[in-house]
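Student: Data file my_file_15.pdb (PDB, C-alpha atoms) is appended below.
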ATOM      1  CA  MET A 148       8.715 -70.691 -79.041  1.00  0.00           C
ATOM      2  CA  GLY A 149       9.883 -74.165 -78.048  1.00  0.00           C
ATOM      3  CA  TRP A 150      12.930 -74.639 -75.859  1.00  0.00           C
ATOM      4  CA  THR A 151      14.540 -77.132 -73.521  1.00  0.00           C
ATOM      5  CA  TRP A 152      16.571 -77.096 -70.327  1.00  0.00           C
ATOM      6  CA  ARG A 153      20.297 -77.761 -70.022  1.00  0.00           C
ATOM      7  CA  PRO A 154      22.464 -78.321 -66.949  1.00  0.00           C
ATOM      8  CA  ARG A 155      24.250 -75.166 -65.787  1.00  0.00           C
ATOM      9  CA  LEU A 156      28.004 -75.236 -66.163  1.00  0.00           C
ATOM     10  CA  ALA A 157      28.263 -73.876 -62.627  1.00  0.00           C
ATOM     11  CA  PRO A 158      25.300 -73.870 -60.219  1.00  0.00           C
ATOM     12  CA  ALA A 159      23.895 -70.465 -59.298  1.00  0.00           C
ATOM     13  CA  GLU A 160      24.103 -69.228 -55.698  1.00  0.00           C
ATOM     14  CA  PRO A 161      20.864 -70.395 -54.009  1.00  0.00           C
ATOM     15  CA  GLN A 162      18.310 -67.753 -53.034  1.00  0.00           C
ATOM     16  CA  ALA A 163      15.342 -70.066 -52.420  1.00  0.00           C
ATOM     17  CA  ALA A 164      14.650 -73.612 -51.263  1.00  0.00           C
ATOM     18  CA  VAL A 165      11.946 -75.362 -53.292  1.00  0.00           C
ATOM     19  CA  ALA A 166      10.208 -78.556 -52.183  1.00  0.00           C
ATOM     20  CA  TRP A 167       7.354 -80.594 -53.644  1.00  0.00           C
ATOM     21  CA  GLY A 168       4.963 -83.179 -52.187  1.00  0.00           C
ATOM     22  CA  ASP A 169       6.310 -85.142 -49.218  1.00  0.00           C
ATOM     23  CA  THR A 170       9.541 -83.144 -49.336  1.00  0.00           C
ATOM     24  CA  ALA A 171       7.456 -79.962 -48.922  1.00  0.00           C
ATOM     25  CA  ARG A 172       5.922 -81.388 -45.758  1.00  0.00           C
ATOM     26  CA  ARG A 173       9.368 -82.293 -44.393  1.00  0.00           C
ATOM     27  CA  LEU A 174      10.656 -78.811 -45.202  1.00  0.00           C
ATOM     28  CA  HIS A 175       7.627 -77.287 -43.466  1.00  0.00           C
ATOM     29  CA  ALA A 176       8.410 -79.368 -40.357  1.00  0.00           C
ATOM     30  CA  ARG A 177      12.046 -78.235 -40.525  1.00  0.00           C
ATOM     31  CA  LEU A 178      10.943 -74.588 -40.738  1.00  0.00           C
ATOM     32  CA  LEU A 179       9.113 -74.970 -37.426  1.00  0.00           C
ATOM     33  CA  LEU A 180      12.504 -75.655 -35.782  1.00  0.00           C
ATOM     34  CA  ILE A 181      14.425 -72.706 -37.242  1.00  0.00           C
ATOM     35  CA  PRO A 182      15.720 -70.176 -34.687  1.00  0.00           C
ATOM     36  CA  ILE A 183      13.758 -66.909 -34.594  1.00  0.00           C
ATOM     37  CA  GLU A 184      16.709 -64.809 -35.766  1.00  0.00           C
ATOM     38  CA  GLN A 185      17.187 -67.024 -38.839  1.00  0.00           C
ATOM     39  CA  ALA A 186      13.434 -67.116 -39.540  1.00  0.00           C
ATOM     40  CA  GLY A 187      13.437 -63.315 -39.523  1.00  0.00           C
ATOM     41  CA  ARG A 188      15.659 -63.381 -42.616  1.00  0.00           C
ATOM     42  CA  LEU A 189      13.416 -65.756 -44.589  1.00  0.00           C
ATOM     43  CA  GLN A 190      10.220 -65.424 -46.618  1.00  0.00           C
ATOM     44  CA  VAL A 191       7.853 -68.281 -47.495  1.00  0.00           C
ATOM     45  CA  THR A 192       4.999 -69.043 -49.869  1.00  0.00           C
ATOM     46  CA  ALA A 193       3.175 -72.254 -50.690  1.00  0.00           C
ATOM     47  CA  ASN A 194       0.437 -73.777 -52.763  1.00  0.00           C
ATOM     48  CA  ARG A 195      -1.089 -77.251 -52.547  1.00  0.00           C
ATOM     49  CA  ASP A 196       1.972 -78.877 -54.167  1.00  0.00           C
ATOM     50  CA  VAL A 197       5.022 -76.796 -53.304  1.00  0.00           C
ATOM     51  CA  ILE A 198       6.652 -74.634 -50.648  1.00  0.00           C
ATOM     52  CA  VAL A 199       9.225 -71.973 -51.540  1.00  0.00           C
ATOM     53  CA  VAL A 200      11.470 -70.400 -48.889  1.00  0.00           C
ATOM     54  CA  SER A 201      13.625 -67.459 -49.973  1.00  0.00           C
ATOM     55  CA  GLY A 202      16.549 -65.759 -48.272  1.00  0.00           C
ATOM     56  CA  GLY A 203      20.303 -65.740 -48.138  1.00  0.00           C
ATOM     57  CA  ALA A 204      22.078 -68.959 -49.096  1.00  0.00           C
ATOM     58  CA  SER A 205      23.454 -69.520 -45.588  1.00  0.00           C
ATOM     59  CA  ASP A 206      19.965 -69.176 -44.058  1.00  0.00           C
ATOM     60  CA  LEU A 207      18.140 -71.535 -46.411  1.00  0.00           C
ATOM     61  CA  PRO A 208      17.058 -74.788 -44.778  1.00  0.00           C
ATOM     62  CA  TRP A 209      17.889 -78.241 -46.065  1.00  0.00           C
ATOM     63  CA  VAL A 210      15.957 -81.494 -45.970  1.00  0.00           C
ATOM     64  CA  ASP A 211      16.476 -84.553 -48.127  1.00  0.00           C
ATOM     65  CA  GLY A 212      14.986 -83.887 -51.572  1.00  0.00           C
ATOM     66  CA  VAL A 213      14.921 -80.087 -51.410  1.00  0.00           C
ATOM     67  CA  GLU A 214      16.079 -78.213 -54.515  1.00  0.00           C
ATOM     68  CA  TYR A 215      17.228 -74.634 -54.891  1.00  0.00           C
ATOM     69  CA  ALA A 216      16.445 -71.639 -57.086  1.00  0.00           C
ATOM     70  CA  ALA A 217      17.845 -68.180 -57.745  1.00  0.00           C
ATOM     71  CA  ALA A 218      16.934 -65.022 -59.620  1.00  0.00           C
ATOM     72  CA  ASP A 219      18.473 -64.934 -63.073  1.00  0.00           C
ATOM     73  CA  GLN A 220      21.190 -62.304 -63.513  1.00  0.00           C
ATOM     74  CA  ARG A 221      19.914 -61.245 -66.956  1.00  0.00           C
ATOM     75  CA  ALA A 222      16.227 -61.332 -65.985  1.00  0.00           C
ATOM     76  CA  PRO A 223      15.947 -60.639 -62.210  1.00  0.00           C
ATOM     77  CA  GLU A 224      12.149 -61.125 -62.205  1.00  0.00           C
ATOM     78  CA  LEU A 225      12.705 -64.688 -63.451  1.00  0.00           C
ATOM     79  CA  TRP A 226      13.773 -67.294 -60.904  1.00  0.00           C
ATOM     80  CA  LEU A 227      15.240 -70.594 -62.121  1.00  0.00           C
ATOM     81  CA  PRO A 228      16.601 -73.834 -60.646  1.00  0.00           C
ATOM     82  CA  THR A 229      20.217 -73.389 -59.549  1.00  0.00           C
ATOM     83  CA  SER A 230      21.354 -76.476 -61.498  1.00  0.00           C
ATOM     84  CA  TRP A 231      19.392 -75.955 -64.734  1.00  0.00           C
ATOM     85  CA  GLU A 232      18.937 -73.147 -67.243  1.00  0.00           C
ATOM     86  CA  PRO A 233      16.865 -72.646 -70.386  1.00  0.00           C
ATOM     87  CA  GLU A 234      18.642 -73.044 -73.730  1.00  0.00           C
ATOM     88  CA  VAL A 235      17.140 -69.725 -74.846  1.00  0.00           C
ATOM     89  CA  PRO A 236      18.201 -66.252 -73.672  1.00  0.00           C
ATOM     90  CA  THR A 237      16.636 -65.735 -70.256  1.00  0.00           C
ATOM     91  CA  ASP A 238      16.002 -62.035 -70.808  1.00  0.00           C
ATOM     92  CA  LEU A 239      13.782 -62.881 -73.805  1.00  0.00           C
ATOM     93  CA  LEU A 240      12.129 -65.742 -71.931  1.00  0.00           C
ATOM     94  CA  GLY A 241      11.465 -63.398 -69.014  1.00  0.00           C
ATOM     95  CA  GLN A 242       9.842 -60.879 -71.357  1.00  0.00           C
ATOM     96  CA  ALA A 243       7.648 -63.582 -72.908  1.00  0.00           C
ATOM     97  CA  LEU A 244       6.543 -64.809 -69.477  1.00  0.00           C
ATOM     98  CA  SER A 245       5.827 -61.287 -68.211  1.00  0.00           C
ATOM     99  CA  ALA A 246       3.572 -60.738 -71.232  1.00  0.00           C
ATOM    100  CA  ARG A 247       1.643 -63.913 -70.325  1.00  0.00           C
ATOM    101  CA  PHE A 248       1.558 -63.620 -66.512  1.00  0.00           C
ATOM    102  CA  THR A 249       0.484 -60.475 -64.677  1.00  0.00           C
ATOM    103  CA  ARG A 250       2.347 -61.319 -61.450  1.00  0.00           C
ATOM    104  CA  SER A 251       6.071 -61.204 -60.760  1.00  0.00           C
ATOM    105  CA  PRO A 252       8.617 -62.358 -59.895  1.00  0.00           C
ATOM    106  CA  LEU A 253       8.046 -65.799 -61.408  1.00  0.00           C
ATOM    107  CA  LEU A 254       9.719 -69.093 -60.582  1.00  0.00           C
ATOM    108  CA  LEU A 255      10.094 -71.161 -63.749  1.00  0.00           C
ATOM    109  CA  TRP A 256      10.596 -74.770 -62.715  1.00  0.00           C
ATOM    110  CA  ARG A 257      11.933 -77.666 -64.766  1.00  0.00           C
ATOM    111  CA  GLU A 258      10.344 -80.740 -63.153  1.00  0.00           C
ATOM    112  CA  PRO A 259       7.427 -80.490 -62.785  1.00  0.00           C
ATOM    113  CA  SER A 260       7.175 -77.973 -65.598  1.00  0.00           C
ATOM    114  CA  VAL A 261       5.384 -75.036 -63.937  1.00  0.00           C
ATOM    115  CA  VAL A 262       5.472 -71.291 -63.393  1.00  0.00           C
ATOM    116  CA  ILE A 263       4.969 -70.167 -59.787  1.00  0.00           C
ATOM    117  CA  PRO A 264       4.363 -66.520 -58.856  1.00  0.00           C
ATOM    118  CA  LEU A 265       6.569 -65.443 -55.956  1.00  0.00           C
ATOM    119  CA  ASP A 266       4.878 -62.108 -55.221  1.00  0.00           C
ATOM    120  CA  ARG A 267       2.969 -63.392 -52.196  1.00  0.00           C
ATOM    121  CA  GLN A 268       5.865 -64.462 -50.044  1.00  0.00           C
ATOM    122  CA  LEU A 269       5.463 -63.482 -46.418  1.00  0.00           C
ATOM    123  CA  PRO A 270       7.900 -63.424 -43.516  1.00  0.00           C
ATOM    124  CA  LEU A 271       8.509 -66.844 -42.008  1.00  0.00           C
ATOM    125  CA  THR A 272       6.573 -66.805 -38.743  1.00  0.00           C
ATOM    126  CA  PRO A 273       4.884 -69.563 -36.718  1.00  0.00           C
ATOM    127  CA  GLN A 274       1.527 -68.008 -37.650  1.00  0.00           C
ATOM    128  CA  HIS A 275       2.259 -68.130 -41.382  1.00  0.00           C
ATOM    129  CA  LEU A 276       3.498 -71.722 -41.108  1.00  0.00           C
ATOM    130  CA  GLN A 277       0.264 -72.611 -39.290  1.00  0.00           C
ATOM    131  CA  LYS A 278      -1.757 -71.085 -42.144  1.00  0.00           C
ATOM    132  CA  ILE A 279       0.184 -73.207 -44.653  1.00  0.00           C
ATOM    133  CA  HIS A 280      -0.409 -76.322 -42.533  1.00  0.00           C
ATOM    134  CA  ALA A 281      -4.143 -75.551 -42.310  1.00  0.00           C
ATOM    135  CA  TYR A 282      -4.329 -74.965 -46.069  1.00  0.00           C
ATOM    136  CA  TRP A 283      -2.647 -78.311 -46.768  1.00  0.00           C
ATOM    137  CA  ALA A 284      -4.930 -80.049 -44.254  1.00  0.00           C
ATOM    138  CA  GLY A 285      -8.022 -78.519 -45.851  1.00  0.00           C
ATOM    139  CA  ILE A 286      -9.009 -76.751 -42.643  1.00  0.00           C
TER     140      ILE A 286
END
Please go through the file and, once you have read it, give me the structure as structure tokens.

Tutor:
Amino acid sequence: MGWTWRPRLAPAEPQAAVAWGDTARRLHARLLLIPIEQAGRLQVTANRDVIVVSGGASDLPWVDGVEYAAADQRAPELWLPTSWEPEVPTDLLGQALSARFTRSPLLLWREPSVVIPLDRQLPLTPQHLQKIHAYWAGI
């Protein structure tokens, strides 16, 4: 089934900060400065290209270039950009993705066009941030 993205009429309430490339590295550096009590309310996961930090909207960090995501109301296991939505029903799209991917929840991203599993988010701690840094550095 082919489909496209359209701008949301009203942005969704952010539940995750998403950053790619150099912006991901800046967000990682920003996370190292977050107060412990705020960090305790956040979860983080990363791969070689992206870092995703989830939590309450008021706790999510900001750096220039960061974008935001949220769980879809009709398909809670499907996370989408806060400013974009698919032109197809998200509950059906969520079902199609869950049939193709064994992990959930899934972040469906517009640009770059990827699906990112969010099931391996861990609490934001200095130790976890160090592991992400080491992974990016190839250590």

Student: Show which residues sit within 7 Å of stretch 210-227 of chain A, as JSON, numbers by chain. Count all atoms listed in the file, and ignore same-chain residues fewer than 5 positions away.

Tutor: {"A": [159, 160, 161, 162, 163, 164, 165, 166, 170, 173, 174, 232, 237, 238, 241, 251, 252, 253, 254, 255, 256]}

Student: From the list A:Ile183, A:Leu239, A:Leu178, A:Ala157, which residue is nearest A:Ser201 when using all atoms listed in the file?

Tutor: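 Among the listed residues, the smallest separation from A:Ser201 belongs to A:Leu178.
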
Student: I need the residue nearest A:Val200 from this list: A:Pro270, A:Ala246, A:Glu184, A:Leu179. Use all atoms listed in the file for the distance.

Tutor: A:Pro270

Student: Please, which residues in stretch 152-266 of chain A fall within 12 Å of stretch 272-283 of chain A when counting all atoms listed in the file, and what is the closest atom pair and distance in Å to one decimal for each, ordered by chain then residue number, as CSV?

Tutor:
residue,atom,partner,partner_atom,distance
A:Gly168,CA,A:Trp283,CA,10.5
A:Asp169,CA,A:Trp283,CA,11.5
A:Ala171,CA,A:Trp283,CA,10.5
A:Arg172,CA,A:His280,CA,8.7
A:Arg173,CA,A:His280,CA,11.6
A:Leu174,CA,A:Leu276,CA,10.9
A:His175,CA,A:Leu276,CA,7.3
A:Ala176,CA,A:Leu276,CA,9.1
A:Arg177,CA,A:Leu276,CA,10.8
A:Leu178,CA,A:Leu276,CA,8.0
A:Leu179,CA,A:Pro273,CA,6.9
A:Leu180,CA,A:Pro273,CA,9.8
A:Ile181,CA,A:Thr272,CA,9.9
A:Pro182,CA,A:Thr272,CA,10.6
A:Ile183,CA,A:Thr272,CA,8.3
A:Glu184,CA,A:Thr272,CA,10.8
A:Gln185,CA,A:Thr272,CA,10.6
A:Ala186,CA,A:Thr272,CA,6.9
A:Gly187,CA,A:Thr272,CA,7.7
A:Arg188,CA,A:Thr272,CA,10.5
A:Leu189,CA,A:Thr272,CA,9.1
A:Gln190,CA,A:Thr272,CA,8.8
A:Val191,CA,A:His275,CA,8.3
A:Thr192,CA,A:Ile279,CA,8.2
A:Ala193,CA,A:Ile279,CA,6.8
A:Asn194,CA,A:Trp283,CA,8.1
A:Arg195,CA,A:Trp283,CA,6.1
A:Asp196,CA,A:Trp283,CA,8.7
A:Val197,CA,A:Trp283,CA,10.2
A:Ile198,CA,A:Ile279,CA,8.9
A:Val199,CA,A:Ile279,CA,11.4
A:Val200,CA,A:Leu276,CA,11.2

Student: How would the residues just picked look written out with C-alpha atoms as an mmCIF file, in the frame of the given file?

Tutor:
data_model
loop_
_atom_site.group_PDB
_atom_site.id
_atom_site.type_symbol
_atom_site.label_atom_id
_atom_site.label_comp_id
_atom_site.auth_asym_id
_atom_site.auth_seq_id
_atom_site.Cartn_x
_atom_site.Cartn_y
_atom_site.Cartn_z
ATOM 1 C CA GLY A 168 4.963 -83.179 -52.187
ATOM 2 C CA ASP A 169 6.310 -85.142 -49.218
ATOM 3 C CA ALA A 171 7.456 -79.962 -48.922
ATOM 4 C CA ARG A 172 5.922 -81.388 -45.758
ATOM 5 C CA ARG A 173 9.368 -82.293 -44.393
ATOM 6 C CA LEU A 174 10.656 -78.811 -45.202
ATOM 7 C CA HIS A 175 7.627 -77.287 -43.466
ATOM 8 C CA ALA A 176 8.410 -79.368 -40.357
ATOM 9 C CA ARG A 177 12.046 -78.235 -40.525
ATOM 10 C CA LEU A 178 10.943 -74.588 -40.738
ATOM 11 C CA LEU A 179 9.113 -74.970 -37.426
ATOM 12 C CA LEU A 180 12.504 -75.655 -35.782
ATOM 13 C CA ILE A 181 14.425 -72.706 -37.242
ATOM 14 C CA PRO A 182 15.720 -70.176 -34.687
ATOM 15 C CA ILE A 183 13.758 -66.909 -34.594
ATOM 16 C CA GLU A 184 16.709 -64.809 -35.766
ATOM 17 C CA GLN A 185 17.187 -67.024 -38.839
ATOM 18 C CA ALA A 186 13.434 -67.116 -39.540
ATOM 19 C CA GLY A 187 13.437 -63.315 -39.523
ATOM 20 C CA ARG A 188 15.659 -63.381 -42.616
ATOM 21 C CA LEU A 189 13.416 -65.756 -44.589
ATOM 22 C CA GLN A 190 10.220 -65.424 -46.618
ATOM 23 C CA VAL A 191 7.853 -68.281 -47.495
ATOM 24 C CA THR A 192 4.999 -69.043 -49.869
ATOM 25 C CA ALA A 193 3.175 -72.254 -50.690
ATOM 26 C CA ASN A 194 0.437 -73.777 -52.763
ATOM 27 C CA ARG A 195 -1.089 -77.251 -52.547
ATOM 28 C CA ASP A 196 1.972 -78.877 -54.167
ATOM 29 C CA VAL A 197 5.022 -76.796 -53.304
ATOM 30 C CA ILE A 198 6.652 -74.634 -50.648
ATOM 31 C CA VAL A 199 9.225 -71.973 -51.540
ATOM 32 C CA VAL A 200 11.470 -70.400 -48.889
#

Student: Can you work out the spacing between atom CA of A:Pro158 and atom CA of A:Trp231 in Å, to one decimal?

Tutor: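 Distance between the two atoms: 7.7 Å.
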
Student: In Å, rounded to a single decimal, give me how far atom CA of A:Val235 is from atom CA of A:Thr151.

Tutor: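 For atom CA of A:Thr151 relative to atom CA of A:Val235, the distance reads 8.0 Å.
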
Student: Find the smallest box with edges along x, y and z containing every listed atom of stretch 182-201 of chain A, then add 6 Å on each side and report centre and edge lengths in Å to one decimal, as AutoDock Vina command-line options.

Tutor:
--center_x 8.0 --center_y -71.1 --center_z -44.4 --size_x 30.3 --size_y 27.6 --size_z 31.6

Student: What gap, in Å, lies between atom CA of A:Ser260 and atom CA of A:Leu156?

Tutor: 21.0 Å

Student: Need the shell around A:Arg250: protein/DNA/RNA residues with any atom at most 7 Å away, counting only C-alpha atoms. Skip same-chain ones fewer than 2 positions apart. Format as a list in words?

Tutor: Phe248, Pro252, Pro264 and Asp266 of chain A

Student: Output C-alpha atoms of each residue in that selection to a file, as a PDB file, keeping the file's coordinate frame.

Tutor:
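Saved as again_1.pdb:
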ATOM      1  CA  PHE A 248       1.558 -63.620 -66.512  1.00  0.00           C
ATOM      2  CA  PRO A 252       8.617 -62.358 -59.895  1.00  0.00           C
ATOM      3  CA  PRO A 264       4.363 -66.520 -58.856  1.00  0.00           C
ATOM      4  CA  ASP A 266       4.878 -62.108 -55.221  1.00  0.00           C
TER       5      ASP A 266
END

Student: Which is closest to A:Trp152 among A:Gly285, A:Pro233, A:Pro208, A:Pro259, if we use all atoms listed in the file?

Tutor: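 With all atoms listed in the file as the atom set, the closest residue is A:Pro233.
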